[in-house]
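Student: The structure is given below, and queries will be raised subsequently.
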Amino acid sequence: MKRAIFPGSFDPITLGHYDIIKRGIKLFDEVVVAIGVNADKNYMFSLEERVNFIKESFKKEPKVKVVTYEGLTIEFCKEIDAQFILRGLRNPADFEFEKAIAHTNRKLSKIETVFLLTAARTSYISSSIVRDVIRNDGDYTVLVPDSVRLK
């Protein structure tokens, strides 16, 4: 089985993340959306909310699993027997940052990183932009899957 993990904080999941996951399931037998837990980070959405947003978005897609993890991503890959890390690239800055991580991961393990370019229609979206729009009462709904709705 070709299993990839798509790691991130997903605070919240955006249409860009959604697009990468949808395209990833065409390449892999299973895509594990792995929400990293970092106690030092202040999240807008709880871990439970973030898990639910993603599960709801992919409830009809059996090839997508949603999990949480702590520690190094490559160690978690070994735990769940994932041979690939899936990452989306929006711009050259993303590439430079992700390239350094991919080289480090390959040096420390045999896990390959697979990069997908984000779709042009979502390349400007980031979770931090979505959080800023939410904080300022803007229409965030055009930036996230339908599952991300505030009460």
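Quick note on naming: the chains in the structure tokens go A, B, ... in the order shown, residues restart at 1 in each chain, and ligands are numbered from 1 in order of appearance.
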Out of chain A, which residues get strand (DSSP E) from DSSP, as number ranges by chain?
Tutor: A: 3-8, 30-36, 64-69, 84-89, 112-117
Student: Could you turn the residues from that selection into a file that holds N, CA, C and O atoms, as a CSV table (one decimal), in the first residue's frame?
Tutor:
```
chain,number,residue,atom,x,y,z
A,3,ARG,N,1.1,4.7,1.2
A,3,ARG,CA,0.5,5.6,2.1
A,3,ARG,C,1.3,6.8,2.3
A,3,ARG,O,2.5,6.8,2.4
A,4,ALA,N,0.6,8.0,2.2
A,4,ALA,CA,1.3,9.3,2.4
A,4,ALA,C,0.6,10.0,3.6
A,4,ALA,O,-0.6,9.8,3.8
A,5,ILE,N,1.4,10.7,4.3
A,5,ILE,CA,0.8,11.6,5.3
A,5,ILE,C,0.9,13.0,4.8
A,5,ILE,O,1.9,13.4,4.1
A,6,PHE,N,-0.1,13.8,5.1
A,6,PHE,CA,-0.2,15.2,4.8
A,6,PHE,C,-0.2,15.9,6.2
A,6,PHE,O,-1.3,16.0,6.8
A,7,PRO,N,1.0,16.3,6.7
A,7,PRO,CA,1.0,16.9,8.0
A,7,PRO,C,0.8,18.4,8.0
A,7,PRO,O,1.0,19.1,7.0
A,8,GLY,N,0.3,18.9,9.1
A,8,GLY,CA,0.0,20.3,9.3
A,8,GLY,C,-0.7,20.6,10.6
A,8,GLY,O,-1.2,19.6,11.3
A,30,GLU,N,-3.7,5.6,0.2
A,30,GLU,CA,-4.3,6.2,1.4
A,30,GLU,C,-3.5,7.5,1.7
A,30,GLU,O,-2.3,7.6,1.6
A,31,VAL,N,-4.3,8.5,2.1
A,31,VAL,CA,-3.7,9.8,2.5
A,31,VAL,C,-4.1,10.0,4.0
A,31,VAL,O,-5.3,10.1,4.3
A,32,VAL,N,-3.2,10.1,4.8
A,32,VAL,CA,-3.4,10.3,6.3
A,32,VAL,C,-3.2,11.8,6.5
A,32,VAL,O,-2.0,12.2,6.4
A,33,VAL,N,-4.2,12.5,6.8
A,33,VAL,CA,-4.1,13.9,7.2
A,33,VAL,C,-3.7,13.9,8.7
A,33,VAL,O,-4.5,13.4,9.6
A,34,ALA,N,-2.5,14.3,9.0
A,34,ALA,CA,-1.9,14.2,10.3
A,34,ALA,C,-1.8,15.6,10.9
A,34,ALA,O,-1.0,16.4,10.5
A,35,ILE,N,-2.6,15.8,11.9
A,35,ILE,CA,-2.6,17.1,12.6
A,35,ILE,C,-1.6,17.0,13.7
A,35,ILE,O,-1.7,16.3,14.7
A,36,GLY,N,-0.5,17.9,13.6
A,36,GLY,CA,0.5,17.9,14.6
A,36,GLY,C,0.1,18.7,15.8
A,36,GLY,O,-0.6,19.7,15.7
A,64,VAL,N,-9.1,8.6,2.8
A,64,VAL,CA,-8.6,9.7,3.6
A,64,VAL,C,-8.8,9.3,5.1
A,64,VAL,O,-9.9,9.0,5.5
A,65,LYS,N,-7.8,9.3,5.9
A,65,LYS,CA,-7.8,9.1,7.3
A,65,LYS,C,-7.4,10.4,8.0
A,65,LYS,O,-6.5,11.1,7.5
A,66,VAL,N,-7.9,10.7,9.2
A,66,VAL,CA,-7.5,11.9,9.9
A,66,VAL,C,-7.0,11.4,11.3
A,66,VAL,O,-7.7,10.7,12.0
A,67,VAL,N,-5.8,11.8,11.7
A,67,VAL,CA,-5.2,11.5,12.9
A,67,VAL,C,-4.5,12.7,13.5
A,67,VAL,O,-4.2,13.7,12.8
A,68,THR,N,-4.1,12.5,14.8
A,68,THR,CA,-3.3,13.6,15.4
A,68,THR,C,-2.0,12.9,15.9
A,68,THR,O,-1.9,11.6,16.0
A,69,TYR,N,-0.9,13.7,16.0
A,69,TYR,CA,0.4,13.1,16.4
A,69,TYR,C,1.2,14.2,17.1
A,69,TYR,O,1.0,15.4,16.9
A,84,PHE,N,5.6,8.1,2.3
A,84,PHE,CA,5.7,9.4,1.7
A,84,PHE,C,5.1,10.5,2.6
A,84,PHE,O,4.2,10.2,3.3
A,85,ILE,N,5.6,11.7,2.4
A,85,ILE,CA,5.1,12.9,3.0
A,85,ILE,C,4.6,13.7,1.9
A,85,ILE,O,5.3,14.0,0.9
A,86,LEU,N,3.3,14.1,1.9
A,86,LEU,CA,2.7,15.0,0.9
A,86,LEU,C,2.7,16.4,1.4
A,86,LEU,O,2.3,16.7,2.5
A,87,ARG,N,3.1,17.3,0.5
A,87,ARG,CA,3.2,18.7,0.8
A,87,ARG,C,2.7,19.6,-0.3
A,87,ARG,O,3.0,19.2,-1.5
A,88,GLY,N,2.0,20.6,-0.1
A,88,GLY,CA,1.6,21.6,-1.1
A,88,GLY,C,2.5,22.8,-1.1
A,88,GLY,O,3.0,23.2,-0.1
A,89,LEU,N,2.8,23.3,-2.3
A,89,LEU,CA,3.6,24.4,-2.5
A,89,LEU,C,2.8,25.6,-3.2
A,89,LEU,O,2.2,25.4,-4.3
A,112,GLU,N,10.2,9.7,1.5
A,112,GLU,CA,10.3,10.7,0.4
A,112,GLU,C,9.2,11.7,0.6
A,112,GLU,O,8.1,11.4,1.1
A,113,THR,N,9.5,12.9,0.2
A,113,THR,CA,8.5,14.0,0.2
A,113,THR,C,8.0,14.2,-1.2
A,113,THR,O,8.8,14.3,-2.1
A,114,VAL,N,6.7,14.3,-1.4
A,114,VAL,CA,6.1,14.5,-2.7
A,114,VAL,C,5.5,15.9,-2.6
A,114,VAL,O,4.6,16.2,-1.8
A,115,PHE,N,5.8,16.8,-3.6
A,115,PHE,CA,5.3,18.1,-3.6
A,115,PHE,C,4.3,18.2,-4.7
A,115,PHE,O,4.5,17.8,-5.8
A,116,LEU,N,3.1,18.9,-4.4
A,116,LEU,CA,2.1,19.2,-5.4
A,116,LEU,C,2.0,20.7,-5.4
A,116,LEU,O,1.9,21.3,-4.3
A,117,LEU,N,2.0,21.3,-6.6
A,117,LEU,CA,1.7,22.7,-6.7
A,117,LEU,C,0.3,23.0,-6.4
A,117,LEU,O,-0.6,22.3,-6.9
```
Student: Contacts of segment 10-22 of chain A at 10 Å or less, counting only C-alpha atoms, minus same-chain residues fewer than 3 places along, as a ChimeraX atom specification?
Tutor: /A:5-7,25-27,31-36,42-47,49-51,53-54,57-58,61,63-64,86-90,115-131,140-148
Student: Which parts of chain A does DSSP call alpha helix (DSSP H) when run on the backbone here, written out as a PyMOL selection string?
Tutor: chain A and resi 15-27+47-57+73-80+92-108+127-135
Student: So how many Å separate atom CA of Thr104 of chain A and atom CA of Pro92 of chain A, to one decimal?
Tutor: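 Between these atoms lies a distance of 18.6 Å.
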Student: Counting only C-alpha atoms, which residue out of A:Asn38, A:Gln83, A:Ala93, A:Glu48 sits closest to Arg106 of chain A?
Tutor: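 Of A:Asn38, A:Gln83, A:Ala93, A:Glu48, the one nearest Arg106 of chain A is A:Gln83, counting only C-alpha atoms.
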